[in-house]
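What follows is my_file.txt (compact mmCIF, C-alpha atoms).
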```txt
# COMPACT_ATOMS: atom_id res chain seq x y z
CA MET H 1 15.07 26.80 -7.41
CA VAL H 2 14.00 23.74 -5.45
CA PHE H 3 10.39 24.39 -6.42
CA VAL H 4 11.29 24.63 -10.10
CA THR H 5 13.25 21.38 -9.94
CA ALA H 6 10.41 19.57 -8.16
CA ALA H 7 7.87 20.90 -10.65
CA THR H 8 10.03 19.79 -13.57
CA LEU H 9 10.39 16.29 -12.15
CA LEU H 10 6.64 16.15 -11.55
CA VAL H 11 5.92 17.08 -15.16
CA ALA H 12 8.43 14.47 -16.35
CA ALA H 13 6.75 11.82 -14.18
CA ALA H 14 3.32 12.81 -15.53
CA ALA H 15 4.63 12.52 -19.10
CA SER H 16 5.99 9.07 -18.27
CA LEU H 17 2.66 7.97 -16.82
CA PHE H 18 0.90 9.24 -19.95
CA MET H 19 3.32 7.18 -22.04
CA ALA H 20 2.76 4.13 -19.83
CA TRP H 21 -1.01 4.52 -20.16
CA SER H 22 -0.71 4.79 -23.94
CA ILE H 23 1.43 1.66 -24.10
CA GLY H 24 -0.94 -0.25 -21.83
CA ALA H 25 -3.87 0.79 -23.98
CA GLY H 26 -2.24 0.25 -27.36
CA SER H 27 0.56 -2.32 -27.12
CA SER H 28 1.29 -4.33 -23.97
CA GLY H 29 -2.38 -4.35 -22.98
CA SER H 30 -3.92 -5.15 -26.32
CA THR H 31 -1.63 -7.58 -28.09
CA PRO H 32 -0.94 -10.53 -25.72
CA PHE H 33 -4.52 -11.83 -25.50
CA ALA H 34 -5.68 -10.69 -28.95
CA PRO H 35 -5.21 -14.18 -30.47
CA ALA H 36 -7.11 -15.74 -27.55
CA VAL H 37 -9.95 -13.26 -28.01
CA GLY H 38 -9.97 -13.99 -31.74
CA ALA H 39 -10.33 -17.68 -30.92
CA ASN H 40 -13.20 -16.94 -28.49
CA ALA H 41 -11.19 -18.32 -25.58
CA ILE H 42 -11.67 -15.20 -23.44
CA SER H 43 -13.80 -12.07 -23.60
CA VAL H 44 -12.39 -8.68 -24.56
CA MET H 45 -13.02 -7.08 -21.16
CA ARG H 46 -11.64 -10.00 -19.17
CA ALA H 47 -8.55 -10.06 -21.37
CA GLY H 48 -7.93 -6.39 -20.60
CA LEU H 49 -8.21 -7.02 -16.85
CA VAL H 50 -5.90 -10.06 -16.81
CA VAL H 51 -3.25 -8.58 -19.09
CA GLY H 52 -3.04 -5.48 -16.91
CA VAL H 53 -2.15 -7.46 -13.78
CA LEU H 54 0.35 -9.70 -15.58
CA GLY H 55 1.93 -6.70 -17.29
CA LEU H 56 2.45 -5.04 -13.91
CA LEU H 57 4.22 -8.14 -12.60
CA GLY H 58 6.38 -8.36 -15.72
CA ALA H 59 7.35 -4.70 -15.41
CA ILE H 60 8.55 -5.17 -11.84
CA LEU H 61 10.31 -8.52 -12.32
CA GLN H 62 11.82 -8.07 -15.79
CA GLY H 63 11.74 -4.41 -16.74
CA ALA H 64 15.25 -3.31 -15.73
CA ASN H 65 17.17 -4.32 -18.89
CA VAL H 66 15.10 -2.45 -21.46
CA THR H 67 14.57 0.50 -19.09
CA GLU H 68 18.31 1.07 -18.72
CA ALA H 69 18.86 0.64 -22.47
CA VAL H 70 16.27 3.27 -23.38
CA GLY H 71 17.49 5.65 -20.70
CA THR H 72 21.24 5.46 -21.23
CA GLU H 73 22.21 3.52 -24.36
CA LEU H 74 20.38 5.18 -27.27
CA ILE H 75 22.54 8.29 -27.41
CA GLY H 76 26.15 8.98 -26.52
CA GLY H 77 28.02 11.97 -25.17
CA VAL H 78 25.08 13.55 -23.33
CA THR H 79 22.65 12.68 -20.55
CA LEU H 80 18.96 13.26 -21.09
CA THR H 81 17.67 16.26 -19.16
CA ALA H 82 14.20 16.57 -17.67
CA ALA H 83 13.12 18.79 -20.58
CA ALA H 84 14.43 16.28 -23.11
CA ALA H 85 12.65 13.39 -21.36
CA ILE H 86 9.38 15.35 -21.29
CA VAL H 87 9.58 16.21 -25.00
CA ALA H 88 10.44 12.61 -25.96
CA LEU H 89 7.72 11.01 -23.83
CA VAL H 90 4.95 13.44 -24.79
CA THR H 91 5.82 13.13 -28.48
CA ALA H 92 5.82 9.33 -28.41
CA ALA H 93 2.72 9.07 -26.21
CA ALA H 94 0.73 11.42 -28.44
CA LEU H 95 1.51 9.30 -31.51
CA VAL H 96 0.63 6.06 -29.72
CA ALA H 97 -2.61 7.54 -28.37
CA MET H 98 -3.56 8.65 -31.89
CA GLY H 99 -3.13 5.05 -33.02
CA VAL H 100 -5.29 3.77 -30.16
CA PHE H 101 -8.20 6.05 -31.02
CA ALA H 102 -7.79 5.44 -34.77
CA GLY H 103 -7.75 1.65 -34.29
CA TYR H 104 -4.25 1.15 -35.73
CA PRO H 105 -1.54 -0.42 -33.52
CA ILE H 106 1.32 2.10 -33.60
CA ALA H 107 4.67 0.49 -32.81
CA THR H 108 5.55 1.91 -29.40
CA ALA H 109 9.21 0.92 -29.58
CA PHE H 110 9.51 2.80 -32.87
CA THR H 111 7.97 5.99 -31.47
CA VAL H 112 9.91 6.02 -28.20
CA THR H 113 13.23 5.11 -29.83
CA GLY H 114 12.73 7.70 -32.55
CA ALA H 115 11.76 10.41 -30.07
CA VAL H 116 14.62 9.69 -27.65
CA VAL H 117 17.20 9.61 -30.45
CA GLY H 118 15.70 12.79 -31.92
CA VAL H 119 15.94 14.80 -28.69
CA GLY H 120 19.34 13.31 -27.92
CA LEU H 121 20.79 14.46 -31.24
CA ALA H 122 19.14 17.86 -30.77
CA MET H 123 21.04 18.10 -27.46
CA GLY H 124 24.29 17.54 -29.36
CA GLY H 125 24.68 13.85 -28.52
CA ASP H 126 26.37 11.21 -30.65
CA PRO H 127 24.54 8.37 -32.41
CA ALA H 128 24.97 5.00 -30.67
CA TRP H 129 25.49 3.04 -33.88
CA PRO H 130 26.22 -0.40 -32.31
CA LYS H 131 22.97 -0.24 -30.31
CA TYR H 132 21.07 0.92 -33.37
CA ALA H 133 22.43 -2.07 -35.27
CA GLU H 134 21.11 -4.45 -32.58
CA ILE H 135 17.72 -2.75 -32.55
CA MET H 136 17.30 -2.62 -36.32
CA THR H 137 18.37 -6.24 -36.69
CA LEU H 138 15.65 -7.40 -34.30
CA TRP H 139 13.05 -5.07 -35.82
CA VAL H 140 13.74 -6.29 -39.35
CA LEU H 141 13.92 -9.97 -38.43
CA THR H 142 10.80 -9.98 -36.23
CA PRO H 143 8.17 -10.10 -39.03
CA PHE H 144 10.05 -12.82 -40.90
CA VAL H 145 11.03 -14.95 -37.90
CA GLY H 146 7.80 -14.47 -35.93
CA GLY H 147 5.53 -14.74 -38.94
CA GLY H 148 7.53 -17.61 -40.44
CA VAL H 149 7.60 -19.69 -37.24
CA ALA H 150 3.90 -19.02 -36.65
CA TYR H 151 3.13 -20.13 -40.20
CA GLY H 152 5.20 -23.30 -39.86
CA VAL H 153 3.74 -24.29 -36.49
CA ALA H 154 0.21 -23.59 -37.68
CA ARG H 155 0.73 -25.71 -40.79
CA LEU H 156 1.87 -28.61 -38.62
CA LEU H 157 -1.03 -28.25 -36.19
CA ILE H 158 -3.75 -28.05 -38.84
CA GLY H 159 -2.14 -30.60 -41.14
CA GLU H 160 -2.54 -34.35 -41.08
CA SER H 161 1.09 -35.46 -41.33
CA LEU H 162 1.63 -35.38 -37.56
CA SER H 163 -0.69 -36.27 -34.69
CA GLU H 164 -1.96 -33.11 -33.02
CA ARG H 165 -1.79 -34.35 -29.44
CA PRO H 166 1.96 -35.21 -29.21
CA LEU H 167 2.83 -32.21 -31.39
CA THR H 168 1.00 -29.79 -29.10
CA ALA H 169 2.61 -31.41 -26.06
CA ALA H 170 6.04 -31.02 -27.66
CA LEU H 171 5.38 -27.34 -28.36
CA ALA H 172 4.36 -26.91 -24.72
CA GLY H 173 7.66 -28.51 -23.73
CA VAL H 174 9.55 -25.95 -25.83
CA VAL H 175 7.66 -23.17 -24.04
CA GLY H 176 8.58 -24.77 -20.70
CA ALA H 177 12.25 -24.84 -21.68
CA ILE H 178 12.17 -21.14 -22.57
CA LEU H 179 10.37 -20.28 -19.34
CA ALA H 180 12.96 -22.19 -17.30
CA ASN H 181 15.65 -19.85 -18.63
CA VAL H 182 13.78 -16.56 -18.28
CA GLY H 183 15.46 -14.13 -15.90
CA PHE H 184 13.57 -12.80 -12.86
CA ALA H 185 14.67 -10.02 -10.53
CA LEU H 186 13.57 -11.91 -7.40
CA LEU H 187 15.83 -14.87 -8.17
CA GLY H 188 19.07 -12.96 -8.72
CA PRO H 189 21.35 -10.87 -6.50
CA ALA H 190 20.65 -7.15 -6.07
CA GLY H 191 20.49 -5.42 -9.42
CA GLU H 192 20.61 -8.67 -11.41
CA GLN H 193 18.25 -11.32 -12.70
CA ALA H 194 18.50 -15.11 -12.58
CA SER H 195 16.51 -17.96 -14.09
CA VAL H 196 14.90 -20.97 -12.47
CA ALA H 197 17.27 -23.25 -14.40
CA SER H 198 20.38 -21.44 -13.20
CA VAL H 199 19.26 -21.25 -9.56
CA LEU H 200 18.10 -24.87 -9.28
CA GLY H 201 20.86 -26.17 -11.54
CA SER H 202 23.62 -24.65 -9.44
CA GLY H 203 22.37 -26.58 -6.43
CA LEU H 204 22.56 -30.01 -8.08
CA GLY H 205 26.32 -30.29 -7.70
CA ILE H 206 26.95 -31.34 -11.31
CA GLY H 207 28.62 -28.17 -12.55
CA GLY H 208 27.67 -26.72 -15.91
CA ALA H 209 25.29 -29.59 -16.64
CA GLY H 210 22.92 -28.42 -13.91
CA PRO H 211 20.97 -25.72 -15.78
CA PRO H 212 20.47 -27.87 -18.92
CA ALA H 213 19.27 -30.76 -16.74
CA VAL H 214 16.73 -28.53 -14.99
CA THR H 215 15.62 -27.13 -18.34
CA LEU H 216 14.99 -30.62 -19.73
CA ALA H 217 13.16 -31.66 -16.59
CA ILE H 218 10.81 -28.64 -16.68
CA ALA H 219 10.22 -29.09 -20.42
CA ALA H 220 9.34 -32.74 -19.89
CA LEU H 221 6.96 -31.98 -17.01
CA VAL H 222 5.11 -29.35 -19.02
CA ALA H 223 4.89 -31.59 -22.08
CA VAL H 224 3.55 -34.54 -20.08
CA ALA H 225 1.00 -32.35 -18.31
CA VAL H 226 -0.33 -30.90 -21.58
CA TYR H 227 -0.35 -34.33 -23.24
CA ALA H 228 -2.44 -35.76 -20.40
CA ASP H 229 -4.77 -32.75 -20.44
CA LEU H 230 -5.36 -33.14 -24.17
CA GLY H 231 -6.30 -36.75 -23.61
CA ARG H 232 -9.00 -35.80 -21.10
CA ASP H 233 -10.53 -32.81 -22.87
CA ARG H 234 -9.06 -31.76 -26.22
CA ALA H 235 -10.99 -28.51 -26.68
CA GLY H 236 -10.62 -27.48 -23.06
CA ALA H 237 -6.89 -28.27 -23.07
CA GLN H 238 -6.37 -26.18 -26.18
CA ARG H 239 -8.17 -23.28 -24.55
CA ARG H 240 -6.12 -23.59 -21.35
CA PHE H 241 -2.84 -23.79 -23.28
CA LEU H 242 -3.86 -20.76 -25.33
CA LEU H 243 -4.72 -18.74 -22.22
CA ALA H 244 -1.45 -19.78 -20.56
CA MET H 245 0.47 -18.58 -23.62
CA GLY H 246 -1.45 -15.31 -23.56
CA GLY H 247 -0.49 -14.88 -19.92
CA LEU H 248 3.19 -15.51 -20.62
CA VAL H 249 3.16 -13.02 -23.49
CA ALA H 250 1.37 -10.46 -21.28
CA PHE H 251 4.03 -10.88 -18.60
CA SER H 252 6.76 -10.50 -21.22
CA ALA H 253 5.05 -7.40 -22.58
CA GLY H 254 5.23 -5.74 -19.19
CA GLY H 255 8.93 -6.56 -18.88
CA SER H 256 9.67 -5.13 -22.30
CA GLN H 257 7.30 -2.21 -22.66
CA VAL H 258 7.70 -0.55 -19.26
CA GLY H 259 11.20 0.54 -20.28
CA LEU H 260 9.74 2.55 -23.14
CA ALA H 261 7.72 4.60 -20.66
CA ILE H 262 10.20 5.13 -17.84
CA GLY H 263 13.58 4.71 -19.57
CA PRO H 264 14.02 8.45 -20.27
CA LEU H 265 13.45 9.15 -16.57
CA VAL H 266 16.36 7.00 -15.38
CA PRO H 267 19.14 9.61 -15.80
CA ILE H 268 17.22 12.44 -14.09
CA PHE H 269 15.56 10.50 -11.26
CA SER H 270 18.70 8.56 -10.37
CA ASP H 271 20.37 11.91 -9.62
CA VAL H 272 17.77 12.64 -6.94
CA GLY H 273 18.01 9.21 -5.33
CA VAL H 274 14.90 7.50 -6.76
CA PRO H 275 15.69 3.77 -7.13
CA LEU H 276 15.00 1.91 -10.35
CA TRP H 277 12.51 -0.44 -8.70
CA ALA H 278 10.32 2.52 -7.76
CA LEU H 279 10.27 3.69 -11.38
CA LEU H 280 9.39 0.16 -12.49
CA VAL H 281 6.45 0.01 -10.08
CA GLY H 282 5.20 3.40 -11.24
CA GLY H 283 5.52 2.45 -14.89
CA GLY H 284 3.81 -0.88 -14.25
CA VAL H 285 0.86 0.88 -12.61
CA GLY H 286 0.59 3.10 -15.69
CA LEU H 287 0.53 0.03 -17.93
CA LEU H 288 -2.14 -1.48 -15.70
CA ALA H 289 -4.34 1.64 -15.97
CA GLY H 290 -3.96 1.70 -19.76
CA SER H 291 -4.81 -1.98 -20.06
CA TRP H 292 -7.95 -1.63 -17.97
CA THR H 293 -9.27 1.56 -19.55
CA GLY H 294 -8.06 1.69 -23.14
CA ALA H 295 -6.95 -1.77 -24.28
CA PRO H 296 -10.34 -3.35 -25.17
CA ARG H 297 -10.65 -1.23 -28.33
CA MET H 298 -7.26 -2.36 -29.66
CA ILE H 299 -7.80 -5.99 -28.56
CA LYS H 300 -10.88 -6.10 -30.75
CA ALA H 301 -9.07 -4.46 -33.66
CA ILE H 302 -6.10 -6.84 -33.59
CA SER H 303 -8.12 -10.01 -32.91
CA GLN H 304 -10.69 -9.43 -35.67
CA ASP H 305 -9.25 -7.10 -38.29
CA TYR H 306 -6.03 -8.85 -39.27
CA ALA H 307 -6.99 -12.53 -39.55
CA SER H 308 -9.61 -15.05 -38.49
CA MET H 309 -7.99 -17.13 -35.75
CA GLY H 310 -8.90 -20.50 -34.29
CA PRO H 311 -7.27 -22.01 -31.19
CA ARG H 312 -4.51 -23.83 -33.06
CA ARG H 313 -3.47 -20.83 -35.15
CA SER H 314 -3.66 -18.62 -32.07
CA ILE H 315 -1.29 -20.94 -30.20
CA SER H 316 0.99 -20.87 -33.24
CA ALA H 317 1.08 -17.06 -33.10
CA LEU H 318 1.80 -16.80 -29.38
CA ILE H 319 4.70 -19.26 -29.16
CA PRO H 320 7.13 -17.26 -31.36
CA SER H 321 5.81 -14.03 -29.83
CA PHE H 322 6.82 -15.24 -26.37
CA ALA H 323 10.27 -16.33 -27.60
CA ILE H 324 10.99 -13.05 -29.42
CA ALA H 325 9.79 -10.96 -26.49
CA GLN H 326 12.03 -12.76 -24.02
CA THR H 327 14.99 -12.45 -26.39
CA ALA H 328 14.44 -8.69 -26.50
CA VAL H 329 14.15 -8.49 -22.71
CA ALA H 330 17.33 -10.51 -22.20
CA PHE H 331 19.39 -8.29 -24.53
CA GLY H 332 17.79 -5.03 -23.42
CA ILE H 333 16.40 -4.18 -26.86
CA PRO H 334 13.25 -2.06 -27.13
CA VAL H 335 10.83 -3.99 -29.32
CA SER H 336 7.26 -3.35 -30.41
CA PHE H 337 4.72 -5.91 -29.28
CA ASN H 338 2.40 -4.70 -32.01
CA GLU H 339 4.98 -5.73 -34.59
CA ILE H 340 5.57 -9.08 -32.89
CA ILE H 341 1.92 -10.06 -32.48
CA VAL H 342 0.58 -8.69 -35.76
CA SER H 343 3.35 -10.45 -37.73
CA ALA H 344 2.68 -13.73 -35.92
CA ILE H 345 -1.09 -13.44 -36.39
CA VAL H 346 -0.68 -12.80 -40.11
CA GLY H 347 1.77 -15.71 -40.46
CA ALA H 348 -0.52 -18.10 -38.61
CA GLY H 349 -3.50 -16.82 -40.58
CA TYR H 350 -1.84 -17.56 -43.91
CA ALA H 351 -1.31 -21.17 -42.83
CA ALA H 352 -4.96 -21.82 -43.75
CA GLY H 353 -5.03 -20.05 -47.09
CA ASP H 354 -5.45 -16.34 -46.45
CA ALA H 355 -7.73 -17.09 -43.44
CA GLY H 356 -9.24 -13.63 -43.60
CA VAL H 357 -5.91 -11.80 -43.48
CA SER H 358 -6.63 -8.18 -44.35
CA ARG H 359 -3.92 -7.10 -46.80
CA ARG H 360 -5.24 -3.55 -46.79
CA LYS H 361 -5.16 -3.34 -43.01
CA MET H 362 -1.68 -4.86 -42.93
CA GLY H 363 -0.40 -2.39 -45.50
CA TYR H 364 -1.69 0.59 -43.55
CA THR H 365 -0.18 -0.85 -40.37
CA VAL H 366 3.30 -1.17 -41.89
CA LEU H 367 3.07 2.40 -43.14
CA ALA H 368 2.01 3.49 -39.66
CA TRP H 369 5.04 1.72 -38.16
CA ILE H 370 7.48 3.42 -40.54
CA GLY H 371 5.73 6.76 -40.22
CA SER H 372 5.74 6.60 -36.42
CA LEU H 373 9.52 6.08 -36.33
CA ALA H 374 10.24 8.90 -38.77
CA GLY H 375 7.60 11.17 -37.26
CA ALA H 376 8.74 10.64 -33.67
CA PHE H 377 12.37 11.34 -34.60
CA THR H 378 11.49 14.49 -36.54
CA LEU H 379 9.09 15.82 -33.92
CA GLY H 380 11.45 15.00 -31.05
CA PHE H 381 14.37 16.75 -32.73
CA GLY H 382 12.29 19.74 -33.81
CA LEU H 383 10.34 20.26 -30.60
CA TYR H 384 13.38 20.02 -28.37
CA SER H 385 15.26 22.45 -30.63
CA VAL H 386 12.41 24.92 -30.23
CA VAL H 387 12.23 24.41 -26.46
CA ASP H 388 15.97 24.77 -26.10
CA PHE H 389 15.96 27.97 -28.18
CA VAL H 390 13.07 29.53 -26.23
CA VAL H 391 14.45 28.60 -22.82
```
Written as structure tokens, how would this file's structure read?
Amino acid sequence: MVFVTAATLLVAAAASLFMAWSIGAGSSGSTPFAPAVGANAISVMRAGLVVGVLGLLGAILQGANVTEAVGTELIGGVTLTAAAAIVALVTAAALVAMGVFAGYPIATAFTVTGAVVGVGLAMGGDPAWPKYAEIMTLWVLTPFVGGGVAYGVARLLIGESLSERPLTAALAGVVGAILANVGFALLGPAGEQASVASVLGSGLGIGGAGPPAVTLAIAALVAVAVYADLGRDRAGAQRRFLLAMGGLVAFSAGGSQVGLAIGPLVPIFSDVGVPLWALLVGGGVGLLAGSWTGAPRMIKAISQDYASMGPRRSISALIPSFAIAQTAVAFGIPVSFNEIIVSAIVGAGYAAGDAGVSRRKMGYTVLAWIGSLAGAFTLGFGLYSVVDFVV
């Protein structure tokens, strides 16, 4: 009996690693630096290496919220078994891997959510309608908010109504303000996250005004630093800002996407005493492996096939991507980085006419997103029903 249990857990862990590899190759590893690659700010291979390391760090420091949501909040009345987790993860990973090799960015959050809900209902669980409402709201708003903000920022940056230097510095300040309020596991008490603004602000002795004061100070420092850098070397400063944004999005991708790979394992591994941090490290290593071995193909596809991107439009795409990703992490909502980045790239691309935006490619991608959600749900429900009947 002990051998059977150990073997089952081993298979579940292998399925999770396969899912993590698929995500690293097709979502968290390919999307964050795709705009920078499209703007010739970094090579494809170097982008894959850097995003893997940053994704690992994000998984460890920010991955708990989404992991717990995927593992325990998508279905009610039942707890996922090892067999259910294996079916869900293998189903989702197979669909994502198909997208990687076909060159189409399958939405990982759609596949994992669909598969987990499918197996959960097949087990006799109850739909978690409030959580579904949160998820669907973010999924539906992402293309409009991300693409719309990217379009607006790109129009300002490439237009002549405002000076580019102070505008770019102001945008950097906004990014600094967001970063000051991002939660990190190392800054909070055990099992919780805390932001730089909350930690430093609480030590100022000015009550509730502390965190806002720290936020403004960090935003101002970042804005001044970017403004000065632009004055010394405009092209170089744009490239450095773009790479910094890519790094922040890569870190956010790790924090968001690791939960899609290891979330289904939380109920079964917690029963045998495996701590969440250990699962986060394992999932982060899987993301790292996927980024290093499989991401370059998808980086090329996203950076070149959807729109022609220069540095300013690439910056415009990454700013809303970072904000949406951190919103999802904070609320524990599984979100697809493919959806976030592709929508932002298309929005920024349209700011300069059509800028090479491939309508055909975009249409097929949207169909792939919808099909992956429906397909993962159907396959998850059907396969688990078969497994349950046979066993």
Could the centre and edge lengths of an axis-aligned box, enclosing all atoms of segment 61-78 of chain H in the file with 6 Å extra on each side, be given in Å to one decimal as JSON?
```
{"center_x": 19.2, "center_y": 2.5, "center_z": -19.9, "size_x": 29.7, "size_y": 34.1, "size_z": 27.1}
```
**Item:** Spatial neighbours of segment 68-77 of chain H, max dist 10 Å, all atoms listed in the file, sep filter under 3 positions, as a VMD selection string
**Value:** chain H and resid 63 to 65 80 85 109 112 to 114 116 to 121 123 to 132 135 259 to 268 276 331 to 334
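Proximity of H:Leu61, H:Ala235, H:Ala6, H:Val214 to Asn40 of chain H, computed with only C-alpha atoms, is greatest for H:Ala235.
Nearest residue to Ser343 of chain H, choosing from H:Gly147, H:Val11, H:Ala94, H:Ala209 and counting only C-alpha atoms: H:Gly147.
Of note, atom CA of Arg297 of chain H and atom CA of Ala47 of chain H are spaced 11.4 Å apart.
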